[in-house]
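Coordinates as given in target-v1.cif (mmCIF, C-alpha atoms):
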data_final
loop_
_atom_site.label_atom_id
_atom_site.label_comp_id
_atom_site.auth_asym_id
_atom_site.auth_seq_id
_atom_site.Cartn_x
_atom_site.Cartn_y
_atom_site.Cartn_z
CA GLY A 1 104.65 111.78 -8.83
CA THR A 2 103.86 109.89 -12.02
CA VAL A 3 106.16 107.40 -13.73
CA VAL A 4 106.43 108.30 -17.39
CA TYR A 5 107.77 105.56 -19.70
CA GLN A 6 108.79 106.26 -23.26
CA LYS A 7 108.83 102.85 -24.90
CA LYS A 8 111.97 102.41 -27.00
CA THR A 9 111.50 98.87 -28.29
CA ALA A 10 108.73 96.32 -28.41
CA TYR A 11 110.53 94.14 -25.89
CA GLU A 12 113.44 94.50 -23.51
CA CYS A 13 115.56 91.42 -24.24
CA VAL A 14 117.49 89.94 -21.33
CA ASP A 15 119.94 87.04 -21.72
CA THR A 16 119.92 85.89 -18.12
CA ALA A 17 117.53 84.27 -15.71
CA ASN A 18 118.35 86.95 -13.11
CA VAL A 19 116.51 90.17 -13.94
CA THR A 20 117.03 93.49 -12.15
CA LEU A 21 113.79 95.36 -12.72
CA SER A 22 115.13 98.88 -12.25
CA GLU A 23 117.58 98.26 -15.10
CA VAL A 24 114.88 96.87 -17.37
CA ALA A 25 112.44 99.65 -16.56
CA GLY A 26 115.19 102.15 -17.32
CA ALA A 27 114.87 101.25 -20.98
CA TRP A 28 111.53 103.07 -20.94
CA ASP A 29 113.07 106.23 -19.44
CA THR A 30 111.59 107.08 -16.07
CA ALA A 31 111.29 110.84 -15.67
CA LEU A 32 111.63 110.60 -11.90
CA GLY A 33 115.22 109.48 -11.49
CA GLY A 34 116.50 107.84 -8.31
CA VAL A 35 113.15 106.49 -7.17
CA SER A 36 113.46 102.91 -8.39
CA ALA A 37 113.46 101.64 -4.80
CA GLN A 38 110.01 103.25 -4.36
CA VAL A 39 108.48 101.53 -7.37
CA ASN A 40 106.35 98.46 -6.64
CA TYR A 41 106.86 95.68 -9.19
CA THR A 42 104.78 92.59 -9.90
CA VAL A 43 105.70 89.97 -12.50
CA LYS A 44 103.66 87.32 -14.33
CA ASP A 45 104.87 84.60 -16.67
CA ALA A 46 103.42 83.84 -20.10
CA GLN A 47 100.69 81.70 -18.53
CA GLY A 48 99.67 84.46 -16.13
CA GLY A 49 101.29 82.86 -13.11
CA ASP A 50 102.89 85.06 -10.45
CA VAL A 51 106.70 85.22 -10.30
CA ALA A 52 108.23 86.27 -6.99
CA VAL A 53 109.97 89.64 -6.83
CA THR A 54 112.64 90.11 -4.16
CA ASP A 55 114.54 93.36 -3.65
CA GLY A 56 113.50 94.59 -7.08
CA LYS A 57 114.68 91.40 -8.84
CA PHE A 58 113.16 88.23 -10.13
CA VAL A 59 114.57 84.94 -11.36
CA ALA A 60 112.98 83.62 -14.53
CA PRO A 61 112.39 79.85 -14.28
CA ALA A 62 112.44 79.49 -18.08
CA SER A 63 112.87 81.46 -21.30
CA GLY A 64 109.83 83.42 -22.42
CA ASN A 65 107.96 86.72 -22.17
CA TYR A 66 107.24 88.11 -18.70
CA THR A 67 104.73 90.87 -17.99
CA VAL A 68 105.97 93.44 -15.51
CA SER A 69 103.71 95.94 -13.76
CA ALA A 70 105.42 98.98 -12.22
CA THR A 71 103.36 101.08 -9.80
CA TYR A 72 104.37 104.48 -8.45
CA GLY A 73 102.26 107.39 -7.22
CA GLY A 74 99.02 105.55 -7.83
CA GLU A 75 99.71 104.92 -11.49
CA THR A 76 100.66 101.56 -13.00
CA LYS A 77 102.55 100.97 -16.24
CA ASN A 78 102.95 97.58 -17.87
CA PHE A 79 105.75 96.34 -20.10
CA THR A 80 107.06 93.04 -21.35
CA VAL A 81 110.49 91.51 -20.76
CA ALA A 82 111.70 88.79 -23.13
CA VAL A 83 114.00 86.54 -21.10
CA THR A 84 116.41 84.02 -22.57
CA VAL A 85 117.70 81.67 -19.90
CA PRO A 86 121.22 80.44 -20.80
CA SER A 87 121.53 76.77 -21.70
CA VAL A 88 124.08 76.34 -18.90
CA SER A 89 122.43 76.38 -15.51
CA TYR A 90 124.58 78.63 -13.34
CA PRO A 91 124.35 78.62 -9.56
CA ALA A 92 123.90 81.82 -7.55
CA GLY A 93 126.75 84.14 -8.41
CA GLY A 94 126.81 83.06 -12.05
CA VAL A 95 130.07 81.07 -12.05
CA ILE A 96 130.98 77.37 -12.24
CA VAL A 97 134.49 76.35 -11.13
CA ASN A 98 135.63 73.68 -13.58
CA LYS A 99 139.23 73.05 -12.58
CA ALA A 100 142.15 74.26 -10.47
CA ARG A 101 145.84 74.12 -11.28
CA LEU A 102 149.19 75.44 -10.09
CA ASN A 103 151.08 78.21 -11.89
CA LEU A 104 154.85 78.33 -11.31
CA GLU A 105 155.77 80.53 -14.26
CA GLY A 106 156.14 83.56 -12.01
CA LYS A 107 154.74 83.94 -8.53
CA ILE A 108 153.31 80.75 -7.08
CA GLY A 109 149.65 80.91 -7.97
CA VAL A 110 146.57 78.72 -7.87
CA GLN A 111 144.56 79.23 -11.03
CA PHE A 112 140.85 78.51 -11.18
CA LEU A 113 139.35 77.80 -14.61
CA VAL A 114 135.72 78.89 -14.54
CA SER A 115 132.65 79.29 -16.72
CA ALA A 116 130.84 82.58 -16.20
CA ASP A 117 127.37 83.79 -17.13
CA GLU A 118 128.52 86.70 -19.29
CA SER A 119 125.21 88.50 -18.84
CA LEU A 120 126.15 88.85 -15.17
CA TYR A 121 129.82 89.73 -15.70
CA ASN A 122 131.06 92.53 -17.92
CA ALA A 123 133.83 95.11 -18.25
CA GLU A 124 132.18 97.34 -15.65
CA SER A 125 131.19 94.87 -12.98
CA GLY A 126 131.62 91.42 -11.48
CA LYS A 127 134.62 90.16 -9.53
CA VAL A 128 136.27 87.26 -7.75
CA VAL A 129 137.27 87.57 -4.09
CA PHE A 130 140.15 85.54 -2.64
CA THR A 131 140.88 85.23 1.07
CA VAL A 132 144.16 83.73 2.35
CA ALA A 133 145.27 83.93 5.98
CA GLY A 134 142.68 86.62 6.68
CA GLU A 135 143.81 88.86 3.81
CA THR A 136 141.39 89.55 0.97
CA THR A 137 142.23 90.24 -2.67
CA GLU A 138 139.72 91.16 -5.36
CA VAL A 139 140.15 90.74 -9.12
CA ALA A 140 137.66 92.53 -11.35
CA PHE A 141 136.11 90.63 -14.25
CA LYS A 142 137.83 92.91 -16.77
CA ASP A 143 141.16 91.54 -15.51
CA TRP A 144 140.25 87.87 -15.93
CA THR A 145 141.94 86.11 -18.85
CA LYS A 146 140.25 83.79 -21.34
CA GLU A 147 141.57 80.35 -22.26
CA GLY A 148 139.35 78.49 -24.66
CA GLU A 149 135.88 78.32 -23.13
CA ASN A 150 137.16 79.14 -19.63
CA TYR A 151 138.06 82.27 -17.77
CA ILE A 152 141.17 82.08 -15.58
CA VAL A 153 141.35 83.74 -12.17
CA GLU A 154 144.52 83.39 -10.12
CA CYS A 155 145.26 83.66 -6.43
CA GLN A 156 148.95 84.20 -5.74
CA VAL A 157 150.46 82.82 -2.56
CA ALA A 158 153.82 83.09 -0.85
CA ALA A 159 156.00 79.98 -0.55
CA LYS A 160 155.19 79.78 3.16
CA GLN A 161 151.44 79.66 2.42
CA MET A 162 151.26 76.36 0.54
CA THR A 163 149.16 74.69 3.21
CA ASP A 164 146.93 77.73 3.75
CA THR A 165 143.33 77.48 2.65
CA ILE A 166 142.33 79.75 -0.23
CA THR A 167 138.69 80.79 0.00
CA VAL A 168 137.14 81.82 -3.32
CA LYS A 169 133.82 83.50 -3.98
CA PHE A 170 132.36 85.32 -6.96
CA VAL A 171 130.17 88.41 -6.97
CA ASP A 172 128.11 89.16 -10.08
CA LYS A 173 127.07 92.57 -11.38
CA ILE A 174 123.86 92.64 -9.35
CA GLY A 175 125.66 91.77 -6.13
CA VAL A 176 124.72 88.10 -5.86
CA VAL A 177 127.51 86.23 -4.06
CA SER A 178 128.37 82.65 -4.97
CA ALA A 179 128.90 79.81 -2.54
CA GLU A 180 132.49 79.69 -1.30
CA THR A 181 135.06 77.30 -2.77
CA GLU A 182 138.10 76.27 -0.72
CA TYR A 183 141.42 75.06 -2.11
CA SER A 184 145.15 74.99 -1.39
CA VAL A 185 148.46 74.26 -3.10
CA ALA A 186 148.70 71.13 -0.96
CA GLU A 187 145.31 69.94 -2.24
CA TYR A 188 146.49 70.41 -5.84
CA ALA A 189 149.66 68.47 -4.99
CA ALA A 190 147.61 65.54 -3.70
CA ALA A 191 145.85 65.35 -7.08
CA VAL A 192 149.20 65.36 -8.92
CA PHE A 193 150.57 62.59 -6.72
CA ALA A 194 147.48 60.52 -7.52
CA GLY A 195 148.29 60.81 -11.25
CA ASP A 196 151.01 59.29 -13.42
CA ASN A 197 153.03 62.34 -14.55
CA ALA A 198 156.44 61.61 -13.03
CA ALA A 199 158.00 64.96 -13.98
CA ALA A 200 155.08 66.88 -12.46
CA LYS A 201 155.35 64.84 -9.27
CA GLU A 202 159.03 65.72 -8.87
CA LEU A 203 158.37 69.41 -9.45
CA VAL A 204 155.48 69.43 -6.98
CA LYS A 205 157.60 67.63 -4.37
CA ALA A 206 160.33 70.25 -4.75
CA THR A 207 157.69 73.01 -4.57
CA LEU A 208 156.22 71.66 -1.33
CA ASN A 209 159.68 71.12 0.11
CA TYR A 210 160.56 74.75 -0.64
CA GLY A 211 157.30 75.81 0.98
CA ALA A 212 158.04 73.79 4.12
CA TYR A 213 161.50 75.30 4.55
CA ALA A 214 160.00 78.77 4.01
CA GLN A 215 157.45 77.97 6.75
CA THR A 216 160.26 76.92 9.08
CA TYR A 217 162.42 79.96 8.38
CA PHE A 218 159.56 82.45 8.76
CA ASN A 219 158.02 80.56 11.73
CA TYR A 220 154.75 80.41 9.79
CA ASN A 221 152.17 77.68 10.31
CA ASP A 222 155.02 75.27 10.97
CA GLU A 223 152.77 72.78 12.71
CA ASN A 224 151.34 72.02 9.25
CA LEU A 225 154.41 71.71 7.02
CA ALA A 226 153.88 71.40 3.29
CA ASN A 227 156.33 68.50 2.96
CA ALA A 228 154.82 66.35 5.71
CA GLY A 229 155.01 62.70 4.69
CA LEU A 230 156.85 63.36 1.40
CA TYR A 231 160.16 61.74 2.34
CA GLU A 232 161.31 58.83 4.43
CA GLU A 233 163.54 59.74 7.36
CA GLY A 234 166.99 60.74 6.12
CA GLN A 235 165.86 60.98 2.48
CA ASN A 236 165.01 64.67 2.19
CA PRO A 237 167.35 66.07 -0.49
CA VAL A 238 167.64 69.41 1.32
CA ASP A 239 168.97 67.79 4.47
CA ASN A 240 171.40 65.70 2.42
CA LYS A 241 172.67 68.65 0.38
CA THR A 242 175.90 70.17 1.76
CA SER A 243 176.63 72.92 -0.76
CA VAL A 244 175.14 75.12 -3.47
CA ALA A 245 176.36 75.92 -6.97
CA GLU A 246 178.99 78.61 -7.17
CA LYS A 247 178.06 81.64 -9.24
CA ALA A 248 179.82 85.02 -9.14
CA VAL A 249 178.68 88.40 -10.41
CA ALA A 250 180.41 89.35 -13.68
CA VAL A 251 181.56 92.96 -14.14
CA SER A 252 182.65 94.93 -17.18
CA GLY A 253 183.32 98.63 -17.70
CA ALA A 254 183.48 101.24 -14.97
CA ALA A 255 181.55 104.29 -13.80
CA GLU A 256 183.55 106.16 -11.18
CA GLY A 257 181.48 106.82 -8.09
CA VAL A 258 179.10 103.87 -8.64
CA SER A 259 179.78 100.30 -7.54
CA LEU A 260 177.85 97.14 -6.75
CA LYS A 261 177.56 96.75 -3.00
CA SER A 262 175.65 93.47 -2.64
CA LEU A 263 172.70 91.36 -3.72
CA SER A 264 169.72 90.39 -1.61
CA LEU A 265 166.79 88.05 -2.14
CA GLY A 266 163.25 88.85 -1.01
CA LEU A 267 161.39 85.64 -0.22
CA GLU A 268 158.52 86.38 2.13
CA THR A 269 155.81 87.21 -0.41
CA GLU A 270 157.35 86.75 -3.85
CA THR A 271 160.90 86.10 -5.05
CA GLU A 272 162.57 89.44 -5.72
CA LEU A 273 166.24 90.10 -6.47
CA TYR A 274 167.56 93.31 -4.94
CA VAL A 275 170.69 94.83 -6.50
CA LEU A 276 172.28 97.31 -4.07
CA PHE A 277 174.75 100.01 -5.15
CA ALA A 278 177.20 102.14 -3.19
CA LEU A 279 177.56 105.75 -4.32
CA ALA A 280 180.56 107.94 -3.65
CA ASP A 281 180.20 111.25 -1.82
CA GLY A 282 178.68 113.83 -4.10
CA VAL A 283 176.98 111.27 -6.38
CA ALA A 284 173.19 111.52 -6.20
CA TYR A 285 171.21 108.39 -7.01
CA SER A 286 168.94 110.46 -9.25
CA ASP A 287 171.95 111.28 -11.46
CA VAL A 288 172.61 107.59 -12.16
CA THR A 289 170.69 105.83 -14.94
CA PHE A 290 169.94 102.13 -14.42
CA THR A 291 168.69 99.46 -16.80
CA ALA A 292 167.81 95.78 -16.37
CA ASP A 293 167.97 93.70 -19.54
CA GLY A 294 167.81 96.88 -21.59
CA ALA A 295 164.76 98.38 -19.88
CA SER A 296 165.04 101.50 -17.76
CA VAL A 297 164.40 100.91 -14.04
CA GLU A 298 163.84 103.30 -11.16
CA ALA A 299 166.25 103.20 -8.24
CA VAL A 300 165.26 103.58 -4.60
CA GLU A 301 167.52 105.71 -2.40
CA THR A 302 169.17 104.23 0.69
CA THR A 303 171.81 105.55 3.10
CA GLY A 304 174.99 105.90 1.09
CA GLY A 305 173.53 104.43 -2.06
CA CYS A 306 170.45 102.99 -3.75
CA TYR A 307 168.96 99.76 -5.04
CA ILE A 308 166.89 98.40 -7.92
CA VAL A 309 164.52 95.42 -7.79
CA ILE A 310 163.97 92.59 -10.24
CA LYS A 311 160.46 91.45 -9.37
CA ASN A 312 158.68 88.15 -9.67
CA VAL A 313 161.63 85.84 -10.29
CA ALA A 314 160.08 82.52 -11.36
CA ALA A 315 161.22 79.16 -10.04
CA LYS A 316 162.81 78.30 -13.37
CA ASP A 317 164.58 81.68 -13.41
CA ILE A 318 166.58 81.41 -10.17
CA ASP A 319 169.66 80.82 -12.31
CA LYS A 320 168.65 83.26 -15.04
CA GLU A 321 171.22 85.99 -15.66
CA TYR A 322 170.13 89.63 -15.78
CA THR A 323 172.24 92.35 -17.35
CA ILE A 324 172.27 95.46 -15.15
CA THR A 325 173.84 98.73 -16.28
CA ALA A 326 174.61 101.84 -14.24
CA THR A 327 175.55 104.99 -16.14
CA TYR A 328 177.00 108.08 -14.47
CA ASP A 329 178.74 111.08 -15.95
CA GLY A 330 178.89 109.44 -19.37
CA ASN A 331 180.43 106.17 -18.15
CA THR A 332 178.71 102.80 -17.85
CA VAL A 333 179.44 99.77 -15.70
CA ILE A 334 177.75 96.46 -16.57
CA TYR A 335 176.92 93.70 -14.07
CA THR A 336 175.62 90.24 -14.86
CA VAL A 337 173.66 88.99 -11.85
CA SER A 338 171.22 86.26 -10.89
CA ALA A 339 169.39 85.00 -7.84
CA GLN A 340 171.87 82.11 -7.94
CA CYS A 341 174.69 84.64 -7.45
CA TYR A 342 173.05 85.66 -4.20
CA ILE A 343 172.50 82.07 -3.07
CA SER A 344 176.14 81.25 -3.82
CA ALA A 345 177.41 84.26 -1.85
CA ALA A 346 174.99 83.98 1.08
CA PHE A 347 175.07 80.23 1.71
CA GLY A 348 176.92 79.45 4.91
CA GLN A 349 177.65 83.08 5.70
CA MET A 350 175.09 83.18 8.47
CA ASP A 351 175.01 80.75 11.36
CA ASN A 352 171.36 80.04 10.61
CA VAL A 353 170.49 76.46 9.71
CA ALA A 354 166.91 77.36 8.73
CA TYR A 355 168.08 80.01 6.27
CA ASN A 356 170.76 77.81 4.73
CA ASN A 357 168.19 75.04 4.31
CA LEU A 358 165.83 77.49 2.62
CA LEU A 359 168.54 78.47 0.12
CA LYS A 360 169.20 74.81 -0.66
CA ALA A 361 165.47 74.19 -1.11
CA ILE A 362 165.23 77.10 -3.55
CA GLU A 363 168.12 75.73 -5.62
CA LEU A 364 166.54 72.27 -5.77
CA TYR A 365 163.18 73.83 -6.64
CA ASN A 366 164.88 75.70 -9.49
CA ALA A 367 166.49 72.50 -10.81
CA GLU A 368 163.16 70.65 -10.94
CA ALA A 369 161.43 73.65 -12.56
CA ASN A 370 164.13 73.81 -15.24
CA ALA A 371 163.71 70.11 -15.94
CA TYR A 372 159.92 70.36 -16.09
CA PHE A 373 159.69 73.49 -18.28
CA ALA A 374 162.57 72.52 -20.58
#

As structure tokens, please, write out the structure in this file.
Amino acid sequence: GTVVYQKKTAYECVDTANVTLSEVAGAWDTALGGVSAQVNYTVKDAQGGDVAVTDGKFVAPASGNYTVSATYGGETKNFTVAVTVPSVSYPAGGVIVNKARLNLEGKIGVQFLVSADESLYNAESGKVVFTVAGETTEVAFKDWTKEGENYIVECQVAAKQMTDTITVKFVDKIGVVSAETEYSVAEYAAAVFAGDNAAAKELVKATLNYGAYAQTYFNYNDENLANAGLYEEGQNPVDNKTSVAEKAVAVSGAAEGVSLKSLSLGLETETELYVLFALADGVAYSDVTFTADGASVEAVETTGGCYIVIKNVAAKDIDKEYTITATYDGNTVIYTVSAQCYISAAFGQMDNVAYNNLLKAIELYNAEANAYFA
């Protein structure tokens, strides 16, 4: 029952104020293995003052050398830890949220630009946890992206969730959880409206209007509509719009036994364009090869046919054309489709005011996105 340390270096150097003692002691190779919780640690600073140890960890108040005593089985070993406290003072959890912004390049997403104590976040550990409408999503540190001095973490939301509160917290590699940050698309919009970027204001208005009509159609949180107060009575462009742009699917070539049946648009979580095919008797969907813009895509079987999905259609890409090919028995048929093709075909076909309004809102949203990103 004796702890045996084989000293590897003169000092164990730690670039963080938060020190996990079992990890530091591991540099001296304990022969026991798995008993770190049974080791009693005491810590003193360079002046001999006691430093509190909690759950096998201590927080260094300043850079310097700290003397650690580890006792197990009646024997005590001493070693020194050289601690460098980062110049930035990070709160618990090791992250500072510097800024938030809206991403409309693909899915609607709120991006948080953060500074992170890199000694507490690495490829193996550390994460951000988002909670929206009771659903939790985690993004590991290795999946964060870097932009200048900031890391970017993004919480994606459905159009209907623009007034929902996004709760954000960070968990570092030693399990310390940050204080929670709350945000929403609507909160970001308020900041834009307080600024002087006219183009951004128009895009954000169209975004919130789209969100409100999605809320209405899906009967979601419709007592807190995203477009509340945006327009004077009778001035909402969706209500004043009576038609949508006409756009038909273009077809060239032929593959006997395979034909385009219809298009459909998925709107509840992200914008997805479904391309549905009818297959003649005796034609198996697995015998048909499909591509979208030159890339092979997998089809999903349905009764009497199959479909492929174009995922994550951005606001500015509602009118983007996609080239879809279907090849069977050596013959290829080519379709040129877009989400606008679906909107053109579906508008007015259902006796559903809420759905028709949603389609109009999407088209207006697309127009403002095109203008802004041009």

Report the distance between CA of Asp55 in chain A and CA of Val43 in chain A in Å, rounded to one decimal place. 13.0 Å

With 9 Å as the threshold, what does the neighbourhood of (165.3, 71.4, 3.8) contain in terms of residues, counting all atoms listed in the file? Coordinates are those of the file; answer as a list in words.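 Within the cut-off we find Asn209, Tyr210, Ala212, Tyr213, Asn236, Pro237, Val238, Asp239, Asn240, Lys241, Ala354, Asn356, Asn357, Leu358, Leu359, Lys360 and Ala361 of chain A.
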
Shortest interatomic distance to Tyr355 in chain A - which of A:Thr216, A:Gln47, A:Thr145, A:Asn312, counting all atoms listed in the file: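 The answer is A:Thr216, which sits nearest to Tyr355 in chain A.
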
Determine the residue membership of the PyMOL selection byres ((chain A and resi 72) around 7) for the file above and supply it as a PyMOL selection string. chain A and resi 2-3+39-40+70-71+73-76

Expanded to explicit residues, what is the PyMOL selection byres ((chain A and resi 109) around 12) for this file, as a short mmCIF file (atom, residue, chain, number, x, y, z; two decimals) with C-alpha atoms, keeping the file's coordinate frame?
data_model
loop_
_atom_site.label_atom_id
_atom_site.label_comp_id
_atom_site.auth_asym_id
_atom_site.auth_seq_id
_atom_site.Cartn_x
_atom_site.Cartn_y
_atom_site.Cartn_z
CA ALA A 100 142.15 74.26 -10.47
CA ARG A 101 145.84 74.12 -11.28
CA LEU A 102 149.19 75.44 -10.09
CA ASN A 103 151.08 78.21 -11.89
CA LEU A 104 154.85 78.33 -11.31
CA GLU A 105 155.77 80.53 -14.26
CA GLY A 106 156.14 83.56 -12.01
CA LYS A 107 154.74 83.94 -8.53
CA ILE A 108 153.31 80.75 -7.08
CA VAL A 110 146.57 78.72 -7.87
CA GLN A 111 144.56 79.23 -11.03
CA PHE A 112 140.85 78.51 -11.18
CA PHE A 130 140.15 85.54 -2.64
CA ILE A 152 141.17 82.08 -15.58
CA VAL A 153 141.35 83.74 -12.17
CA GLU A 154 144.52 83.39 -10.12
CA CYS A 155 145.26 83.66 -6.43
CA GLN A 156 148.95 84.20 -5.74
CA VAL A 157 150.46 82.82 -2.56
CA ALA A 158 153.82 83.09 -0.85
CA ALA A 159 156.00 79.98 -0.55
CA GLN A 161 151.44 79.66 2.42
CA MET A 162 151.26 76.36 0.54
CA ILE A 166 142.33 79.75 -0.23
CA TYR A 183 141.42 75.06 -2.11
CA SER A 184 145.15 74.99 -1.39
CA VAL A 185 148.46 74.26 -3.10
CA TYR A 188 146.49 70.41 -5.84
CA THR A 207 157.69 73.01 -4.57
CA THR A 269 155.81 87.21 -0.41
CA GLU A 270 157.35 86.75 -3.85
CA ASN A 312 158.68 88.15 -9.67
CA ALA A 314 160.08 82.52 -11.36
CA ALA A 315 161.22 79.16 -10.04
#

Hey, which of A:Ala367, A:Ile310, A:Leu265, A:Val258 ends up closest to Val288 in chain A? Count all atoms listed in the file. A:Val258

Using only C-alpha atoms, can you tell me which of A:Ala194, A:Ser243, A:Tyr372, A:Tyr90 comes closest to Gly348 in chain A?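 Looking only at the distances to Gly348 in chain A, the closest residue turns out to be A:Ser243.
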
Would you compute the distance between CA of Lys173 in chain A and CA of Glu138 in chain A? Give it in Å to one decimal.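 Calculated distance between CA of Lys173 in chain A and CA of Glu138 in chain A is 14.1 Å.
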
Answer as a CSV table (one decimal) with C-alpha atoms, in the frame of the given file, residues within 12 Å of (154.6, 64.6, -0.1) using all atoms listed in the file:
chain,number,residue,atom,x,y,z
A,163,THR,CA,149.2,74.7,3.2
A,185,VAL,CA,148.5,74.3,-3.1
A,186,ALA,CA,148.7,71.1,-1.0
A,187,GLU,CA,145.3,69.9,-2.2
A,188,TYR,CA,146.5,70.4,-5.8
A,189,ALA,CA,149.7,68.5,-5.0
A,190,ALA,CA,147.6,65.5,-3.7
A,191,ALA,CA,145.8,65.4,-7.1
A,192,VAL,CA,149.2,65.4,-8.9
A,193,PHE,CA,150.6,62.6,-6.7
A,194,ALA,CA,147.5,60.5,-7.5
A,201,LYS,CA,155.4,64.8,-9.3
A,202,GLU,CA,159.0,65.7,-8.9
A,203,LEU,CA,158.4,69.4,-9.4
A,204,VAL,CA,155.5,69.4,-7.0
A,205,LYS,CA,157.6,67.6,-4.4
A,206,ALA,CA,160.3,70.2,-4.8
A,207,THR,CA,157.7,73.0,-4.6
A,208,LEU,CA,156.2,71.7,-1.3
A,209,ASN,CA,159.7,71.1,0.1
A,210,TYR,CA,160.6,74.8,-0.6
A,211,GLY,CA,157.3,75.8,1.0
A,212,ALA,CA,158.0,73.8,4.1
A,225,LEU,CA,154.4,71.7,7.0
A,226,ALA,CA,153.9,71.4,3.3
A,227,ASN,CA,156.3,68.5,3.0
A,228,ALA,CA,154.8,66.4,5.7
A,229,GLY,CA,155.0,62.7,4.7
A,230,LEU,CA,156.8,63.4,1.4
A,231,TYR,CA,160.2,61.7,2.3
A,232,GLU,CA,161.3,58.8,4.4
A,236,ASN,CA,165.0,64.7,2.2

So how many Å separate CA of Ala254 in chain A and CA of Ala292 in chain A, to one decimal?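 One can read the CA of Ala254 in chain A to CA of Ala292 in chain A distance as 16.7 Å.
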
Selection: 12 Å around Thr303 in chain A, only C-alpha atoms, excl. self and same-chain fewer than 5 positions, as a ChimeraX atom specification: /A:276-281,284-285

Going by the chain IDs and residue numbers used in this file, which residues fall under the PyMOL selection byres ((chain A and resi 321-329) around 10)? Write them as number ranges by chain. A: 249-260, 275, 277, 283-297, 308, 310, 317-320, 330-341

Nearby residues (only C-alpha atoms) at most 10 Å from Gly175 in chain A, same-chain spacing under 6 positions excluded, as a PDB file with C-alpha atoms, in the coordinates of the input:
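Output file out.pdb follows:
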ATOM      1  CA  GLY A  93     126.750  84.140  -8.410  1.00  0.00           C
ATOM      2  CA  LEU A 120     126.150  88.850 -15.170  1.00  0.00           C
ATOM      3  CA  SER A 125     131.190  94.870 -12.980  1.00  0.00           C
ATOM      4  CA  GLY A 126     131.620  91.420 -11.480  1.00  0.00           C
ATOM      5  CA  LYS A 127     134.620  90.160  -9.530  1.00  0.00           C
TER       6      LYS A 127
END

Contacts of Lys142 in chain A at 8 Å or less, counting all atoms listed in the file, minus same-chain residues fewer than 5 places along, as JSON, numbers by chain? {"A": [122, 123, 124, 125]}

Go ahead and dump the residues you just picked, C-alpha atoms, as a PDB file, keeping the file's coordinate frame.
ATOM      1  CA  ASN A 122     131.060  92.530 -17.920  1.00  0.00           C
ATOM      2  CA  ALA A 123     133.830  95.110 -18.250  1.00  0.00           C
ATOM      3  CA  GLU A 124     132.180  97.340 -15.650  1.00  0.00           C
ATOM      4  CA  SER A 125     131.190  94.870 -12.980  1.00  0.00           C
TER       5      SER A 125
END

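The nearest approach to Val59 in chain A among the residues A:Ile343, A:Val177, A:Phe373, A:Val83, with all atoms listed in the file taken into account, belongs to A:Val83.
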